[in-house]
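What follows is the content of upload_15.txt (compact mmCIF, C-alpha atoms).
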```txt
# COMPACT_ATOMS: atom_id res chain seq x y z
CA MET H 274 -27.17 -5.49 15.16
CA LEU H 275 -23.46 -4.76 15.08
CA SER H 276 -20.89 -4.07 17.81
CA ASN H 277 -21.83 -0.97 19.77
CA GLY H 278 -18.68 0.22 21.44
CA GLN H 279 -15.82 0.52 19.01
CA PRO H 280 -12.28 1.71 19.61
CA GLN H 281 -13.06 4.94 17.87
CA HIS H 282 -15.61 6.31 15.39
CA ARG H 283 -15.22 7.95 12.04
CA PRO H 284 -15.96 11.68 11.99
CA GLN H 285 -19.45 12.42 10.65
CA PRO H 286 -19.57 13.60 7.03
CA ARG H 287 -19.93 17.33 6.49
CA GLN H 288 -23.55 18.44 6.58
CA ASP H 289 -23.17 20.45 3.37
CA ILE H 290 -22.13 17.40 1.35
CA LYS H 291 -24.80 14.99 0.22
CA PRO H 292 -23.74 11.32 0.64
CA THR H 293 -23.71 9.25 -2.52
CA VAL H 294 -26.98 7.36 -3.02
CA ILE H 295 -26.78 3.55 -2.84
CA PRO H 296 -29.13 1.32 -4.89
CA GLU H 297 -32.07 -0.27 -3.07
CA SER H 298 -31.37 -3.95 -3.40
CA PRO H 299 -28.04 -5.60 -2.58
CA PRO H 300 -26.28 -7.15 -5.59
CA PRO H 301 -24.09 -10.19 -5.01
CA PRO H 302 -20.38 -9.46 -4.68
CA THR H 303 -18.75 -9.59 -8.11
CA LYS H 304 -15.22 -10.28 -9.23
CA ARG H 305 -14.67 -6.53 -9.24
CA GLN H 306 -15.39 -6.59 -5.51
CA THR H 307 -12.30 -8.60 -4.67
CA ARG H 308 -10.46 -6.87 -1.91
CA GLU H 309 -10.24 -7.37 1.81
CA ALA H 310 -12.79 -5.07 3.46
CA PRO H 311 -14.26 -4.11 6.92
CA VAL H 312 -17.66 -4.41 8.53
CA ASP H 313 -19.29 -2.39 11.25
CA VAL H 314 -22.14 -3.47 13.46
CA ASP H 315 -24.22 -1.00 15.48
CA GLY H 316 -22.06 1.37 13.53
CA LEU H 317 -20.73 -0.93 10.85
CA SER H 318 -18.14 1.60 9.91
CA SER H 319 -14.50 0.86 10.60
CA PRO H 320 -12.27 3.07 12.76
CA THR H 321 -9.21 2.35 10.69
CA THR H 322 -8.28 0.42 7.57
CA ARG H 323 -6.39 -2.84 7.87
CA GLN H 324 -3.55 -3.28 5.40
CA THR H 325 -3.87 -6.61 3.64
CA ARG H 326 -1.19 -8.72 2.02
CA ALA H 327 -1.17 -12.07 0.32
CA SER H 328 -2.34 -14.93 2.51
CA ALA H 329 0.33 -16.82 4.39
CA ARG H 330 -1.24 -20.06 3.11
CA THR H 331 0.21 -21.60 -0.04
CA ILE H 332 -2.13 -22.16 -2.98
CA SER H 333 -0.96 -24.81 -5.44
CA ARG H 334 -1.69 -22.95 -8.64
CA VAL H 335 0.44 -20.96 -11.04
CA ARG H 336 -0.27 -17.27 -10.61
CA SER H 337 -1.23 -15.60 -13.88
CA PRO H 338 -0.34 -11.95 -14.50
CA THR H 339 -2.78 -9.58 -12.83
CA PRO H 340 -4.70 -7.59 -15.45
CA LYS H 341 -4.71 -3.82 -15.21
CA GLY H 342 -7.52 -2.84 -12.87
CA TRP H 343 -10.36 -0.40 -13.43
CA SER H 344 -8.74 2.24 -11.24
CA GLU H 345 -5.58 2.12 -13.39
CA SER H 346 -7.30 1.94 -16.76
CA THR H 347 -9.83 4.70 -16.04
CA PRO H 348 -7.95 8.00 -16.06
CA GLY H 349 -9.37 10.96 -14.21
CA TRP H 350 -11.68 9.10 -11.83
CA ARG H 351 -9.89 10.44 -8.79
CA GLY H 352 -10.53 13.98 -9.94
CA GLN H 353 -14.25 13.23 -10.14
CA TRP H 354 -14.40 11.88 -6.58
CA ARG H 355 -16.37 14.33 -4.44
CA ASN H 356 -16.87 12.74 -1.03
CA SER H 357 -16.79 9.46 0.86
CA LEU H 358 -19.43 6.86 0.06
CA VAL H 359 -21.67 6.44 3.12
CA PHE H 360 -24.34 3.80 3.74
CA PRO H 361 -27.01 4.15 4.89
CA ALA H 362 -27.31 7.89 4.28
CA GLU H 363 -28.82 8.48 7.72
CA GLY H 364 -28.58 6.90 11.15
CA LYS H 365 -25.82 5.94 13.56
CA SER H 366 -24.78 2.58 12.10
CA ARG H 367 -23.14 3.82 8.93
CA ALA H 368 -20.30 2.39 6.90
CA THR H 369 -17.88 4.48 4.85
CA VAL H 370 -15.77 3.81 1.78
CA ASP H 371 -13.07 6.36 0.97
CA LEU H 372 -11.24 7.22 -2.23
CA ASP H 373 -8.19 5.13 -1.31
CA ASP H 374 -10.40 2.04 -0.84
CA ILE H 375 -11.54 2.01 -4.49
CA PRO H 376 -8.36 0.51 -6.02
CA ARG H 377 -8.89 -2.51 -3.75
CA LEU H 378 -11.93 -3.36 -5.89
CA ASP H 379 -9.66 -4.02 -8.88
CA GLU H 380 -9.09 -7.57 -10.07
CA GLY H 381 -6.29 -9.24 -8.13
CA GLN H 382 -6.48 -6.94 -5.10
CA PHE H 383 -7.53 -7.68 -1.51
CA LEU H 384 -10.68 -6.36 0.13
CA ASN H 385 -9.92 -4.26 3.21
CA ASP H 386 -11.94 -3.61 6.37
CA ASN H 387 -13.78 -0.60 4.93
CA LEU H 388 -15.10 -2.59 1.96
CA ILE H 389 -16.03 -5.65 4.04
CA ILE H 390 -17.83 -3.51 6.61
CA PHE H 391 -19.63 -1.57 3.89
CA TYR H 392 -21.09 -4.67 2.23
CA LEU H 393 -21.99 -6.32 5.54
CA ARG H 394 -23.80 -3.16 6.61
CA TYR H 395 -25.58 -3.24 3.26
CA LEU H 396 -26.71 -6.83 3.85
CA GLN H 397 -27.75 -6.06 7.42
CA TYR H 398 -29.77 -3.00 6.37
CA HIS H 399 -31.79 -4.94 3.79
CA LEU H 400 -32.27 -7.87 6.18
CA GLU H 401 -33.76 -5.51 8.77
CA LYS H 402 -35.93 -3.83 6.16
CA GLU H 403 -37.25 -6.94 4.38
CA TYR H 404 -37.12 -9.65 7.08
CA PRO H 405 -37.24 -7.94 10.50
CA GLY H 406 -38.11 -11.17 12.32
CA LEU H 407 -35.04 -12.93 10.95
CA ALA H 408 -32.89 -9.84 11.60
CA GLU H 409 -33.70 -10.16 15.32
CA ARG H 410 -32.01 -13.58 15.33
CA VAL H 411 -28.75 -12.33 13.80
CA TYR H 412 -25.93 -10.25 15.28
CA PHE H 413 -22.97 -8.85 13.35
CA HIS H 414 -19.65 -8.26 15.05
CA ASN H 415 -17.36 -5.99 13.06
CA THR H 416 -13.98 -6.83 11.58
CA PHE H 417 -12.07 -5.28 14.47
CA PHE H 418 -13.79 -7.34 17.16
CA TYR H 419 -11.61 -10.44 16.94
CA ASP H 420 -8.43 -8.37 16.62
CA LYS H 421 -9.25 -6.79 19.96
CA LEU H 422 -10.40 -10.00 21.62
CA LYS H 423 -7.74 -12.53 20.61
CA PRO H 424 -4.89 -13.42 23.01
CA SER H 425 -1.73 -11.40 22.57
CA ARG H 426 0.28 -14.65 22.62
CA ALA H 427 -0.51 -18.30 21.94
CA GLY H 428 -2.26 -19.91 24.89
CA GLY H 429 -2.79 -16.57 26.61
CA ALA H 430 -5.99 -15.12 28.01
CA ILE H 431 -8.46 -13.36 25.75
CA ASN H 432 -8.73 -9.57 26.03
CA TYR H 433 -12.37 -9.51 27.08
CA ASP H 434 -12.16 -6.13 28.76
CA SER H 435 -11.31 -4.51 25.43
CA VAL H 436 -14.62 -5.59 23.88
CA LYS H 437 -17.09 -6.12 26.71
CA SER H 438 -18.69 -2.68 26.24
CA TRP H 439 -19.38 -3.40 22.57
CA THR H 440 -22.47 -5.42 23.50
CA SER H 441 -23.67 -3.29 26.41
CA LYS H 442 -27.10 -2.88 24.74
CA VAL H 443 -27.34 -6.35 23.24
CA ASP H 444 -28.15 -9.76 24.70
CA LEU H 445 -26.08 -12.17 22.62
CA PHE H 446 -27.82 -15.09 24.30
CA GLN H 447 -30.99 -14.20 22.44
CA LYS H 448 -29.23 -14.46 19.07
CA ASP H 449 -29.22 -17.65 17.02
CA PHE H 450 -26.51 -16.50 14.61
CA ILE H 451 -23.56 -14.34 15.68
CA ILE H 452 -21.36 -13.44 12.71
CA VAL H 453 -17.65 -12.83 13.39
CA PRO H 454 -15.55 -11.80 10.35
CA ILE H 455 -11.86 -12.50 11.03
CA ASN H 456 -8.60 -11.50 9.37
CA GLU H 457 -5.50 -13.45 10.41
CA TYR H 458 -2.18 -13.43 8.58
CA SER H 459 -3.77 -11.31 5.84
CA HIS H 460 -6.45 -13.93 5.20
CA TRP H 461 -10.20 -13.49 5.67
CA TYR H 462 -12.58 -16.12 7.01
CA VAL H 463 -15.75 -16.03 9.09
CA ALA H 464 -16.90 -17.71 12.28
CA ILE H 465 -20.60 -18.29 12.92
CA ILE H 466 -21.60 -18.71 16.57
CA TYR H 467 -24.75 -20.80 16.27
CA ASN H 468 -27.42 -21.32 18.94
CA ALA H 469 -25.76 -19.27 21.68
CA PRO H 470 -28.96 -19.45 23.85
CA LYS H 471 -28.28 -23.18 24.31
CA LEU H 472 -25.25 -22.29 26.44
CA LEU H 473 -27.47 -20.88 29.19
CA PRO H 474 -28.13 -23.24 32.12
CA GLN H 475 -31.81 -24.12 32.41
CA PRO H 476 -33.76 -23.56 35.67
CA GLY H 477 -33.46 -26.63 37.85
CA ASN H 478 -30.78 -28.16 35.61
CA PRO H 479 -27.58 -26.12 35.79
CA ASP H 480 -25.62 -28.81 33.92
CA VAL H 481 -27.83 -28.76 30.83
CA ALA H 482 -25.32 -26.67 28.85
CA GLY H 483 -22.53 -29.17 29.44
CA ALA H 484 -24.81 -32.07 28.58
CA ALA H 485 -25.83 -30.40 25.32
CA ILE H 486 -22.20 -29.82 24.39
CA SER H 487 -21.36 -33.45 24.99
CA SER H 488 -24.34 -34.55 22.88
CA ALA H 489 -23.35 -32.13 20.10
CA ALA H 490 -19.91 -33.72 19.92
CA GLN H 491 -21.55 -37.12 19.44
CA ASN H 492 -24.10 -35.85 16.92
CA PRO H 493 -22.34 -33.17 14.84
CA ILE H 494 -25.12 -32.75 12.24
CA SER H 495 -27.93 -31.93 14.69
CA LEU H 496 -29.17 -28.32 14.78
CA ASP H 497 -30.26 -28.64 18.40
CA TYR H 498 -26.91 -27.69 19.92
CA ASP H 499 -24.64 -24.68 20.08
CA ARG H 500 -21.56 -24.53 17.88
CA ILE H 501 -18.89 -22.24 16.50
CA ILE H 502 -18.53 -22.96 12.78
CA THR H 503 -15.66 -21.51 10.73
CA LEU H 504 -15.95 -21.03 6.97
CA ASP H 505 -12.61 -20.64 5.20
CA SER H 506 -12.19 -20.40 1.42
CA LEU H 507 -8.79 -22.08 1.76
CA GLY H 508 -10.25 -24.95 3.79
CA GLY H 509 -8.33 -24.21 6.98
CA ALA H 510 -9.44 -25.20 10.47
CA HIS H 511 -9.28 -22.56 13.20
CA SER H 512 -9.25 -24.21 16.60
CA PRO H 513 -7.51 -21.27 18.39
CA ALA H 514 -10.16 -18.83 17.13
CA CYS H 515 -12.97 -21.18 18.19
CA GLN H 516 -11.40 -21.53 21.63
CA ALA H 517 -11.07 -17.76 21.98
CA LEU H 518 -14.70 -17.23 20.96
CA THR H 519 -15.83 -19.93 23.39
CA LYS H 520 -14.01 -18.14 26.21
CA TYR H 521 -15.63 -14.91 25.05
CA LEU H 522 -19.12 -16.41 25.38
CA VAL H 523 -18.32 -17.65 28.90
CA ALA H 524 -16.98 -14.22 29.90
CA GLU H 525 -19.95 -12.46 28.28
CA MET H 526 -22.39 -14.64 30.23
CA MET H 527 -20.62 -13.85 33.48
CA ASP H 528 -20.36 -10.12 32.77
CA LYS H 529 -23.87 -9.54 31.42
CA LYS H 530 -25.89 -12.18 33.30
CA ASP H 531 -23.77 -12.99 36.35
CA ILE H 532 -23.89 -16.68 35.40
CA ALA H 533 -20.74 -18.79 35.64
CA ILE H 534 -20.32 -21.93 33.52
CA GLU H 535 -17.37 -24.16 32.73
CA PRO H 536 -15.81 -23.32 29.35
CA PRO H 537 -17.17 -25.83 26.80
CA LYS H 538 -14.51 -27.96 25.13
CA SER H 539 -16.07 -29.03 21.85
CA LEU H 540 -17.94 -26.13 20.26
CA GLY H 541 -15.65 -25.50 17.29
CA MET H 542 -15.99 -27.17 13.91
CA THR H 543 -15.07 -26.49 10.28
CA ALA H 544 -17.79 -26.04 7.64
CA LYS H 545 -18.01 -28.84 5.07
CA ASP H 546 -18.21 -28.53 1.29
CA VAL H 547 -18.17 -24.74 1.05
CA PRO H 548 -16.92 -23.03 -2.16
CA GLN H 549 -13.15 -22.54 -2.25
CA GLN H 550 -11.02 -19.84 -3.83
CA HIS H 551 -8.54 -20.75 -6.60
CA ASN H 552 -6.25 -17.77 -6.33
CA TYR H 553 -4.38 -15.85 -3.64
CA CYS H 554 -6.59 -12.78 -3.28
CA ASP H 555 -10.32 -13.58 -3.17
CA CYS H 556 -10.75 -14.58 0.49
CA GLY H 557 -12.64 -11.38 1.33
CA LEU H 558 -15.01 -11.94 -1.58
CA PHE H 559 -15.71 -15.50 -0.41
CA LEU H 560 -16.33 -14.31 3.16
CA LEU H 561 -18.99 -11.91 1.88
CA GLY H 562 -20.49 -14.63 -0.29
CA TYR H 563 -20.74 -17.03 2.66
CA ILE H 564 -22.54 -14.45 4.78
CA ARG H 565 -24.85 -13.43 1.95
CA GLN H 566 -25.89 -17.06 1.49
CA LEU H 567 -26.32 -17.55 5.25
CA LEU H 568 -28.76 -14.62 5.47
CA GLN H 569 -30.99 -16.02 2.72
CA ASP H 570 -31.96 -19.04 4.84
CA PRO H 571 -29.80 -19.38 7.98
CA ASP H 572 -31.19 -22.66 9.30
CA SER H 573 -30.85 -24.48 5.97
CA PHE H 574 -27.42 -22.98 5.40
CA VAL H 575 -26.11 -24.26 8.74
CA ARG H 576 -27.65 -27.70 8.13
CA ASN H 577 -25.87 -27.92 4.77
CA ILE H 578 -22.41 -27.07 6.08
CA LEU H 579 -22.38 -29.36 9.12
```

What is this structure when it is put down as structure tokens?
Amino acid sequence: MLSNGQPQHRPQPRQDIKPTVIPESPPPPTKRQTREAPVDVDGLSSPTTRQTRASARTISRVRSPTPKGWSESTPGWRGQWRNSLVFPAEGKSRATVDLDDIPRLDEGQFLNDNLIIFYLRYLQYHLEKEYPGLAERVYFHNTFFYDKLKPSRAGGAINYDSVKSWTSKVDLFQKDFIIVPINEYSHWYVAIIYNAPKLLPQPGNPDVAGAAISSAAQNPISLDYDRIITLDSLGGAHSPACQALTKYLVAEMMDKKDIAIEPPKSLGMTAKDVPQQHNYCDCGLFLLGYIRQLLQDPDSFVRNIL
């Protein structure tokens, strides 16, 4: 499922216009799909489009001239555009790609929120259709979730009130994999909250969550403990994001279950040996690739990146 309560929703497409049909099986993201894009959960569509610039990180490689993209080299395509691309064609959790999003699919461009959300919704739809049991273990936050949640200043409190209604119909502590796509400083990466149910105190042993966290720190490759794993195609670590997401889980447990626990101190870790980008623009493409691989076999994927 994806985040329920979003800041605002896109207007529904006109009833007299038939949405463009999407193929049945999800192809892997290609080099043409290199642009920063959005994802919507329980309505994977994005309220607004994030403007994306080059990553603030420095990549030690000479930048070659960007070739002319499809949108530039294909005259007249804008005149043939009839309506927004909507997926799935029916239902509440729909993602939308508009005409102005298409040039972001050109080589050398950045995926934006609309494109990221669209492909994530595509993956989620086929997961639910083909592997419903696995789909029940996975929850997708959308690309605007972390923007709303993160502290407004370094070391500040998270903005839990701005997102607490987004999961009003979902129990995150029944989900083994919570996917959080994040854009910071015009760079995309993803955080995977793994084994959230392990945070819950067990009957008769209220300190079991803290004991599990301590054991996880001593045994980082075990799958028996809860973690927040970040996957970054530039290899960066993201301790502040992990800390914010940890505080979010604590606040969510208190708000939804009326259970208070001490904020864990060692949940965050950086994924090992994941594919890395070799340019300045493909971070969104790598984010989608990471998530696509995760959904093929989540348990094995997590074991391989610890």

Around (-16.5, -20.7, 9.5) in the file's own coordinates, what residues are found within 10 Å if you use all atoms listed in the file, given back as a PyMOL selection string? chain H and resi 452-455+462-466+501-506+508-511+515+541-545+547+560+563-564+578

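Atom CA of H:Tyr521 to atom CA of H:Phe360 spans 29.7 Å [interatomic distance, one decimal].
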
The distance between atom CA of H:Glu380 and atom CA of H:Gly342 is 5.7 Å

One decimal place gives the atom CA of H:Glu401-atom CA of H:Leu558 separation as 22.4 Å

Restricting to only C-alpha atoms, whichever of H:Asp570, H:Lys471, H:Gly381, H:Asn456 is closest to H:His551 is H:Gly381

message: Using only C-alpha atoms, can you tell me which of H:Ile431, H:Ile451, H:Ala533, H:Leu567 comes closest to H:Ala514?
response: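 Once distances to H:Ala514 are computed over only C-alpha atoms, the minimum belongs to H:Ile431.
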
Closest of H:Arg410, H:Lys437, H:Lys538, H:Arg351 to H:Ala469, counting all atoms listed in the file, is H:Arg410

The residue from H:Pro470, H:Lys448, H:Phe417, H:Leu358 with the smallest atom-to-atom distance to H:Ser435, counting only C-alpha atoms, is H:Phe417

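Checking H:Tyr433, H:Glu345, H:Tyr553, H:Asp531 one by one against H:Thr519, counting all atoms listed in the file, you find the shortest gap at H:Tyr433.
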
Please provide the set of residues having any atom within 7 Å of H:Thr369, restricted to all atoms listed in the file, with same-chain residues fewer than 6 positions apart removed, written as a PyMOL selection string. chain H and resi 318+357-360+387+391

Selected residues written out with C-alpha atoms, as a PDB file, in the frame of the given file:
```pdb
ATOM      1  CA  SER H 318     -18.140   1.600   9.910  1.00  0.00           C
ATOM      2  CA  SER H 357     -16.790   9.460   0.860  1.00  0.00           C
ATOM      3  CA  LEU H 358     -19.430   6.860   0.060  1.00  0.00           C
ATOM      4  CA  VAL H 359     -21.670   6.440   3.120  1.00  0.00           C
ATOM      5  CA  PHE H 360     -24.340   3.800   3.740  1.00  0.00           C
ATOM      6  CA  ASN H 387     -13.780  -0.600   4.930  1.00  0.00           C
ATOM      7  CA  PHE H 391     -19.630  -1.570   3.890  1.00  0.00           C
TER       8      PHE H 391
END
```

Of H:Tyr404, H:Gln550, H:His460, H:Pro376, the one sitting nearest H:Gly562 when using all atoms listed in the file is H:Gln550
